[in-house]
$ cat coords_19.cif   # mmCIF, C-alpha atoms
data_work
#
loop_
_atom_site.label_atom_id
_atom_site.label_comp_id
_atom_site.auth_asym_id
_atom_site.auth_seq_id
_atom_site.Cartn_x
_atom_site.Cartn_y
_atom_site.Cartn_z
CA MET W 1 -29.61 94.29 -41.60
CA ASN W 2 -26.31 92.82 -40.55
CA PHE W 3 -27.93 91.04 -37.71
CA GLU W 4 -30.41 89.38 -40.01
CA ASP W 5 -27.62 88.25 -42.31
CA ASP W 6 -25.68 86.81 -39.38
CA LEU W 7 -28.73 84.96 -38.13
CA ARG W 8 -29.48 83.60 -41.55
CA ALA W 9 -25.91 82.42 -41.93
CA ALA W 10 -25.96 80.76 -38.51
CA LEU W 11 -29.21 78.94 -39.18
CA ARG W 12 -28.53 77.87 -42.70
CA ARG W 13 -28.87 74.20 -43.53
CA GLU W 14 -25.60 72.30 -43.54
CA GLN W 15 -24.87 68.81 -44.82
CA PRO W 16 -23.65 66.44 -42.03
CA PRO W 17 -20.09 65.09 -42.35
CA GLY W 18 -19.69 61.82 -44.26
CA GLY W 19 -20.71 58.64 -42.36
CA PHE W 20 -22.52 60.62 -39.67
CA ALA W 21 -25.68 58.56 -39.93
CA ALA W 22 -23.72 55.30 -39.80
CA LYS W 23 -21.84 56.44 -36.68
CA VAL W 24 -25.09 57.37 -34.94
CA LEU W 25 -26.63 54.00 -35.78
CA ALA W 26 -23.54 52.15 -34.58
CA ALA W 27 -23.51 54.03 -31.28
CA ALA W 28 -27.19 53.29 -30.76
CA ALA W 29 -26.65 49.58 -31.49
CA ARG W 30 -23.78 49.49 -29.01
CA GLN W 31 -25.92 50.91 -26.26
CA ASP W 32 -28.67 48.41 -27.05
CA SER W 33 -26.26 45.47 -26.84
CA VAL W 34 -24.82 46.61 -23.47
CA ALA W 35 -28.30 46.84 -22.10
CA ALA W 36 -29.28 43.42 -23.53
CA PHE W 37 -26.10 41.63 -22.19
CA PRO W 38 -26.97 40.60 -18.58
CA PHE W 39 -24.24 40.82 -15.95
CA TRP W 40 -24.09 37.04 -15.52
CA ARG W 41 -23.01 36.62 -19.12
CA ARG W 42 -20.02 38.87 -18.73
CA PRO W 43 -16.59 37.17 -18.40
CA ALA W 44 -15.77 39.08 -15.22
CA ALA W 45 -18.91 37.78 -13.58
CA TRP W 46 -17.97 34.23 -14.55
CA ALA W 47 -14.49 34.68 -13.13
CA VAL W 48 -15.88 35.89 -9.81
CA ALA W 49 -18.41 33.04 -9.74
CA ALA W 50 -15.70 30.51 -10.52
CA GLY W 51 -13.62 31.93 -7.68
CA PHE W 52 -16.49 31.56 -5.23
CA ALA W 53 -17.23 28.05 -6.44
CA ALA W 54 -13.60 27.03 -6.08
CA ALA W 55 -13.45 28.53 -2.62
CA ALA W 56 -16.58 26.58 -1.67
CA ILE W 57 -15.66 23.24 -3.29
CA LEU W 58 -11.90 22.91 -2.80
CA PRO W 59 -11.60 22.82 1.01
CA PRO W 60 -14.14 19.99 1.40
CA ALA W 61 -12.49 18.11 -1.48
CA VAL W 62 -9.08 18.50 0.14
CA LEU W 63 -10.50 17.36 3.47
CA GLU W 64 -12.15 14.37 1.79
CA TYR W 65 -8.88 13.45 0.06
CA ARG W 66 -6.99 13.73 3.35
CA HIS W 67 -9.60 11.64 5.12
CA ARG W 68 -9.34 8.92 2.46
CA GLU W 69 -5.53 8.96 2.66
CA GLU W 70 -5.75 8.64 6.43
CA GLN W 71 -8.11 5.68 6.09
CA ARG W 72 -5.75 4.01 3.61
CA ALA W 73 -2.81 4.64 5.95
CA LEU W 74 -4.67 3.12 8.90
CA GLU W 75 -5.60 0.08 6.82
CA ALA W 76 -1.98 -0.23 5.70
CA LYS W 77 -0.82 0.01 9.31
CA HIS W 78 -3.30 -2.65 10.38
CA GLU W 79 -2.14 -4.94 7.56
CA LEU W 80 1.50 -4.33 8.44
CA LEU W 81 0.90 -5.19 12.09
CA SER W 82 -1.00 -8.33 11.05
CA ALA W 83 1.84 -9.34 8.73
CA LEU W 84 4.45 -8.77 11.44
CA SER W 85 2.31 -10.65 13.94
CA ILE W 86 2.12 -13.67 11.62
CA THR W 87 5.86 -13.44 10.93
CA ARG W 88 6.60 -13.34 14.64
CA ALA W 89 4.31 -16.30 15.33
CA LYS W 90 5.93 -18.38 12.59
CA LEU W 91 9.47 -17.48 13.68
CA ARG W 92 8.64 -18.46 17.25
CA GLN W 93 6.99 -21.66 16.11
CA THR W 94 10.09 -22.52 14.09
CA ARG W 95 12.35 -21.75 17.03
CA GLU W 96 10.25 -23.99 19.30
CA ARG W 97 10.38 -26.82 16.78
CA VAL W 98 14.15 -26.51 16.56
CA HIS W 99 14.40 -26.49 20.37
CA ARG W 100 12.26 -29.61 20.63
CA ALA W 101 14.27 -31.34 17.92
CA THR W 102 17.51 -30.40 19.65
CA ALA W 103 16.20 -31.63 23.00
CA ARG W 104 15.11 -34.95 21.47
CA HIS W 105 18.48 -35.32 19.82
CA THR W 106 20.29 -34.62 23.10
CA LEU W 107 18.20 -37.20 24.97
CA MET O 1 38.12 1.02 -3.30
CA LYS O 2 38.46 -2.36 -5.03
CA LYS O 3 36.78 -3.98 -2.05
CA LYS O 4 33.83 -1.62 -2.37
CA PHE O 5 33.45 -2.47 -6.05
CA LEU O 6 33.66 -6.16 -5.23
CA LEU O 7 30.96 -5.85 -2.55
CA PHE O 8 28.80 -3.83 -4.91
CA GLY O 9 29.31 -6.43 -7.62
CA LEU O 10 28.27 -9.19 -5.25
CA ALA O 11 25.21 -7.30 -4.06
CA LEU O 12 24.07 -6.27 -7.52
CA PRO O 13 22.41 -9.54 -8.61
CA LEU O 14 20.63 -9.72 -5.25
CA LEU O 15 19.28 -6.21 -5.56
CA ALA O 16 18.30 -6.74 -9.17
CA GLN O 17 16.05 -9.72 -8.45
CA GLN O 18 12.43 -9.21 -9.38
CA ALA O 19 9.85 -9.68 -6.65
CA PHE O 20 8.16 -13.06 -6.46
CA ASP O 21 4.92 -13.24 -8.37
CA PHE O 22 2.44 -14.23 -5.67
CA ARG O 23 -0.21 -14.88 -8.29
CA THR O 24 1.36 -18.32 -8.63
CA LEU O 25 -0.31 -19.11 -5.30
CA ASP O 26 -3.73 -17.95 -6.45
CA ARG O 27 -4.71 -21.54 -7.20
CA LEU O 28 -4.97 -22.05 -3.42
CA ASP O 29 -7.55 -19.27 -3.10
CA ALA O 30 -10.27 -21.50 -4.48
CA LEU O 31 -9.49 -24.29 -2.02
CA THR O 32 -10.36 -22.45 1.17
CA ASP O 33 -12.31 -19.53 2.55
CA HIS O 34 -9.95 -19.23 5.48
CA LYS O 35 -7.06 -17.27 4.12
CA THR O 36 -5.09 -14.14 4.88
CA LYS O 37 -3.49 -12.30 2.01
CA ILE O 38 -1.40 -9.26 2.84
CA THR O 39 0.45 -7.34 0.15
CA LEU O 40 2.27 -4.19 1.13
CA ASP O 41 4.32 -2.53 -1.59
CA PRO O 42 6.74 0.34 -0.88
CA ASP O 43 3.97 2.97 -1.19
CA MET O 44 1.72 1.17 1.26
CA LEU O 45 4.62 0.63 3.64
CA GLN O 46 5.40 4.33 3.57
CA LEU O 47 1.77 5.08 4.22
CA ALA O 48 1.67 2.66 7.15
CA ALA O 49 4.92 4.03 8.56
CA ARG O 50 3.30 7.46 8.80
CA PHE O 51 1.10 6.15 11.59
CA LEU O 52 3.84 4.36 13.49
CA GLY O 53 5.82 5.80 16.38
CA GLY O 54 4.06 9.12 16.53
CA ASP O 55 3.27 8.98 20.26
CA GLY O 56 6.78 8.66 21.67
CA ASP O 57 6.56 4.85 21.90
CA LYS O 58 10.15 3.56 21.57
CA ASP O 59 9.14 0.17 20.16
CA ALA O 60 6.94 1.77 17.56
CA ALA O 61 9.67 4.25 16.63
CA SER O 62 12.10 1.35 16.24
CA LEU O 63 9.55 -0.51 14.14
CA LYS O 64 9.09 2.58 12.01
CA SER O 65 12.81 2.83 11.30
CA MET O 66 12.86 -0.83 10.23
CA VAL O 67 9.75 -0.48 8.08
CA GLY O 68 11.37 2.52 6.41
CA ASN O 69 13.96 0.18 4.86
CA LEU O 70 11.49 -2.40 3.63
CA LYS O 71 10.51 -2.74 0.00
CA GLY O 72 7.68 -5.20 0.33
CA VAL O 73 5.82 -7.34 2.83
CA TYR O 74 3.82 -10.29 1.50
CA VAL O 75 2.00 -12.80 3.64
CA ARG O 76 -0.21 -15.66 2.51
CA THR O 77 -1.92 -17.90 5.05
CA TYR O 78 -4.28 -20.68 4.04
CA GLU O 79 -6.23 -22.92 6.38
CA PHE O 80 -7.78 -26.02 4.89
CA ASP O 81 -10.59 -28.25 6.05
CA LYS O 82 -8.92 -31.50 5.04
CA ASP O 83 -5.40 -32.87 4.83
CA GLY O 84 -3.78 -32.92 1.42
CA GLN O 85 -5.68 -30.06 -0.15
CA TYR O 86 -2.42 -28.52 -1.21
CA THR O 87 0.74 -30.23 -2.34
CA ALA O 88 4.45 -29.54 -2.22
CA ALA O 89 4.18 -28.52 -5.87
CA ASP O 90 2.19 -25.45 -4.80
CA ILE O 91 5.16 -24.17 -2.79
CA GLU O 92 7.77 -25.16 -5.36
CA PRO O 93 7.67 -21.91 -7.41
CA PHE O 94 8.41 -19.94 -4.24
CA ARG O 95 11.29 -22.23 -3.32
CA ALA O 96 12.65 -21.97 -6.86
CA TYR O 97 12.47 -18.19 -6.66
CA LEU O 98 14.44 -18.18 -3.40
CA LYS O 99 17.07 -20.48 -4.89
CA GLN O 100 17.41 -18.29 -7.95
CA GLY O 101 17.88 -15.18 -5.80
CA GLN O 102 20.67 -16.78 -3.76
CA TRP O 103 18.69 -16.87 -0.57
CA SER O 104 20.17 -19.01 2.18
CA LYS O 105 18.07 -21.46 4.09
CA ILE O 106 19.09 -20.78 7.69
CA VAL O 107 16.55 -23.05 9.39
CA GLU O 108 14.76 -26.18 8.28
CA SER O 109 12.74 -28.02 10.84
CA GLN O 110 10.43 -30.95 10.29
CA GLU O 111 8.21 -32.57 12.89
CA GLY O 112 6.14 -35.28 11.33
CA LYS O 113 4.15 -33.59 8.59
CA GLU O 114 4.92 -30.11 9.86
CA LEU O 115 7.69 -28.25 8.13
CA SER O 116 9.29 -24.87 8.78
CA GLU O 117 11.87 -23.21 6.60
CA VAL O 118 13.45 -19.81 7.17
CA TYR O 119 15.50 -18.12 4.47
CA VAL O 120 17.49 -14.91 4.44
CA GLN O 121 19.15 -13.15 1.55
CA PRO O 122 22.66 -12.35 2.76
CA LEU O 123 24.21 -9.01 1.90
CA PRO O 124 27.67 -7.72 2.70
CA GLY O 125 28.21 -6.34 6.19
CA ASP O 126 25.98 -8.62 8.29
CA ARG O 127 22.91 -7.38 6.55
CA PHE O 128 20.10 -9.16 4.78
CA GLY O 129 18.09 -8.35 1.69
CA GLY O 130 15.03 -9.92 3.25
CA VAL O 131 13.56 -12.83 5.11
CA ALA O 132 11.24 -15.55 3.88
CA ILE O 133 9.35 -18.21 5.82
CA ILE O 134 7.56 -21.32 4.66
CA SER O 135 5.46 -23.01 7.29
CA ALA O 136 3.61 -26.06 6.04
CA GLU O 137 1.25 -28.18 8.09
CA PRO O 138 -1.26 -30.72 6.81
CA ARG O 139 -4.09 -28.19 7.04
CA GLU O 140 -2.28 -24.91 7.10
CA LEU O 141 0.19 -23.22 4.83
CA THR O 142 1.90 -19.92 5.54
CA ILE O 143 4.30 -18.06 3.31
CA VAL O 144 5.98 -14.88 4.49
CA TYR O 145 8.20 -12.80 2.26
CA ILE O 146 9.72 -9.59 3.56
CA SER O 147 11.96 -7.73 1.17
CA GLY O 148 14.26 -4.90 2.19
CA VAL O 149 17.57 -4.31 3.87
CA MET O 150 17.67 -5.57 7.46
CA ASN O 151 20.30 -6.37 10.02
CA LEU O 152 20.45 -9.02 12.72
CA GLY O 153 18.81 -6.65 15.18
CA ASP O 154 15.86 -6.24 12.84
CA LEU O 155 15.46 -10.01 12.63
CA GLU O 156 15.37 -10.16 16.43
CA LYS O 157 12.84 -7.35 16.39
CA LEU O 158 10.68 -9.37 14.04
CA GLU O 159 10.60 -12.19 16.56
CA GLY O 160 10.13 -9.90 19.52
CA ASN O 161 7.08 -7.88 20.46
CA MET O 162 8.02 -4.51 19.00
CA GLY O 163 4.69 -3.06 20.02
CA VAL O 164 2.97 -5.37 17.55
CA PRO O 165 -0.20 -6.65 19.20
CA GLU O 166 -0.91 -10.37 19.27
CA ILE O 167 -3.58 -11.00 16.67
CA ASP O 168 -5.57 -14.18 16.97
CA LEU O 169 -5.82 -14.63 13.24
CA LYS O 170 -7.42 -18.05 13.39
CA ASN O 171 -10.40 -16.78 15.31
CA ALA O 172 -10.42 -13.36 13.68
CA LYS O 173 -10.74 -14.85 10.22
CA LYS O 174 -13.32 -17.51 11.05
CA PRO O 175 -16.87 -16.65 10.07
CA PRO O 176 -19.30 -16.72 13.00
CA ALA O 177 -20.80 -20.15 13.61
CA PRO O 178 -24.52 -20.51 12.88
CA PRO O 179 -26.54 -20.23 16.12
CA THR O 180 -28.25 -23.63 15.83
CA ALA O 181 -25.25 -25.73 14.93
CA PRO O 182 -22.83 -26.72 17.71
CA PRO O 183 -19.42 -25.09 17.41
CA PRO O 184 -17.05 -27.22 15.33
CA ALA O 185 -14.46 -29.13 17.32
CA LYS O 186 -11.38 -27.12 16.40
CA GLU O 187 -8.14 -28.88 16.68
CA LYS O 188 -5.79 -26.32 18.15
CA LYS O 189 -2.42 -26.58 16.52
CA GLU O 190 -0.32 -25.84 19.56
CA ASP O 191 3.30 -26.82 19.45
#

$ encode --input "coords_19.cif" --output "structure tokens"
Amino acid sequence: MNFEDDLRAALRREQPPGGFAAKVLAAAARQDSVAAFPFWRRPAAWAVAAGFAAAAILPPAVLEYRHREEQRALEAKHELLSALSITRAKLRQTRERVHRATARHTL
Amino acid sequence: MKKKFLLFGLALPLLAQQAFDFRTLDRLDALTDHKTKITLDPDMLQLAARFLGGDGDKDAASLKSMVGNLKGVYVRTYEFDKDGQYTAADIEPFRAYLKQGQWSKIVESQEGKELSEVYVQPLPGDRFGGVAIISAEPRELTIVYISGVMNLGDLEKLEGNMGVPEIDLKNAKKPPAPPTAPPPAKEKKED
């Protein structure tokens, strides 16, 4: 008889705690959203992708920048040598004119 | 100490002078296709100096040290087809600028219609704040303006070789002659 009472007590209907249904629904919705959110839309995935992209793009960009700077420097050097060449030619020309003038004056 | 202040005071107006505005010569651009315009500001000079004297060449290393002190190199060369395409008035703003900046004309040489003027901007201690050249011929005008602290040795270097290759600018700047036409009789302006 006792056993039957114990069993009845164990199997009796009980009301769930307050908000139980809401908690279950929320948990289910959470699981759905995790499943529906693809890995490529997660921030961590973007960070990794950005890292790879930077690693792929930056070295060529740096090389390109260096190459352009080198080109500019070579052009500047060429212009400098041209400028100095003209300066030298004009200084020599002036010196020769002065020498000729001096020679004429002496004669 | 007083002497130092005095020297500094004398040098101050020279250092404070603004660079010549080479746009005043732009009028000449339209008169000829045969021109050389070189403008090297301090940044460009620094850039150029990076590629000088790297291979143990003494001349180039010496040139590099001189270029390191320069603030600007400006060259304008115009070759004209006819006499009288430019006038003395075209050069006058440059001369006025040199006068205003207390530059000293150290050489003036005239042979017929050919004129050469060399100016330096004296600084205390046998140094110069720059060198300027005006070379005027009936069909050719050259203006050189080099700004920056130099000494007498640097001026000699400018006239010497210094590892600077001879550049035949007249021929380098001429456009190639058309194949059918005979080459124009070029009067070589040898002095």

$ atom_distance --input "coords_19.cif" --atom1 "CA of Arg88 (chain W)" --atom2 "CA of Arg127 (chain O)"
19.2 Å

$ atom_distance --input "coords_19.cif" --atom1 "CA of Pro93 (chain O)" --atom2 "CA of Arg23 (chain O)"
10.6 Å

$ closest_atom_pairs --input "coords_19.cif" --of "chain O" --to "chain W" --cutoff "6 Å" --atoms "all atoms listed in the file" --output "CSV"
residue,atom,partner,partner_atom,distance
O:Met44,CA,W:Ala76,CA,5.9
O:Leu47,CA,W:Ala73,CA,4.9
O:Ala48,CA,W:Lys77,CA,4.2
O:Ser116,CA,W:Thr94,CA,5.9
O:Leu158,CA,W:Arg88,CA,5.7
O:Glu159,CA,W:Arg88,CA,4.6
O:Val164,CA,W:Leu81,CA,5.8

$ resolve_selection --input "coords_19.cif" --expression "the PyMOL selection byres ((chain O and resi 30) around 12)" --output "PDB file with C-alpha atoms, in the frame of the given file"
ATOM      1  CA  LEU O  25      -0.310 -19.110  -5.300  1.00  0.00           C
ATOM      2  CA  ASP O  26      -3.730 -17.950  -6.450  1.00  0.00           C
ATOM      3  CA  ARG O  27      -4.710 -21.540  -7.200  1.00  0.00           C
ATOM      4  CA  LEU O  28      -4.970 -22.050  -3.420  1.00  0.00           C
ATOM      5  CA  ASP O  29      -7.550 -19.270  -3.100  1.00  0.00           C
ATOM      6  CA  LEU O  31      -9.490 -24.290  -2.020  1.00  0.00           C
ATOM      7  CA  THR O  32     -10.360 -22.450   1.170  1.00  0.00           C
ATOM      8  CA  ASP O  33     -12.310 -19.530   2.550  1.00  0.00           C
ATOM      9  CA  HIS O  34      -9.950 -19.230   5.480  1.00  0.00           C
ATOM     10  CA  LYS O  35      -7.060 -17.270   4.120  1.00  0.00           C
ATOM     11  CA  TYR O  78      -4.280 -20.680   4.040  1.00  0.00           C
ATOM     12  CA  GLU O  79      -6.230 -22.920   6.380  1.00  0.00           C
ATOM     13  CA  PHE O  80      -7.780 -26.020   4.890  1.00  0.00           C
ATOM     14  CA  GLN O  85      -5.680 -30.060  -0.150  1.00  0.00           C
ATOM     15  CA  TYR O  86      -2.420 -28.520  -1.210  1.00  0.00           C
TER      16      TYR O  86
END

$ atom_distance --input "coords_19.cif" --atom1 "CA of Gly51 (chain W)" --atom2 "CA of His67 (chain W)"
24.3 Å

$ resolve_selection --input "coords_19.cif" --expression "the PyMOL selection byres ((chain O and resi 74) around 12)" --output "PyMOL selection string"
(chain W and resi 79-80+82-84+86-87) or (chain O and resi 19-23+25+36-42+44-45+70-73+75-77+130-133+142-148)

$ residues_around --input "coords_19.cif" --residues "Ile106 (chain O)" --least-positions-apart "6" --cutoff "7 Å" --atoms "only C-alpha atoms" --output "PyMOL selection string"
chain O and resi 118-120

$ residues_around --input "coords_19.cif" --residues "Lys99 (chain O)" --least-positions-apart "2" --cutoff "12 Å" --atoms "all atoms listed in the file" --output "list of chain:residue names"
O:Leu14, O:Gln17, O:Phe20, O:Glu92, O:Pro93, O:Phe94, O:Arg95, O:Ala96, O:Tyr97, O:Gly101, O:Gln102, O:Trp103, O:Ser104, O:Lys105, O:Tyr119, O:Val120, O:Gln121, O:Ala132

$ resolve_selection --input "coords_19.cif" --expression "the PyMOL selection byres ((chain O and resi 126) around 12)" --output "ChimeraX atom specification"
/O:120-125,127-129,149-155

$ residues_around --input "coords_19.cif" --residues "Asp83 (chain O)" --least-positions-apart "4" --cutoff "9 Å" --atoms "all atoms listed in the file" --output "PDB file with C-alpha atoms, in the frame of the given file"
ATOM      1  CA  GLU O 137       1.250 -28.180   8.090  1.00  0.00           C
ATOM      2  CA  PRO O 138      -1.260 -30.720   6.810  1.00  0.00           C
ATOM      3  CA  ARG O 139      -4.090 -28.190   7.040  1.00  0.00           C
ATOM      4  CA  GLU O 140      -2.280 -24.910   7.100  1.00  0.00           C
TER       5      GLU O 140
END
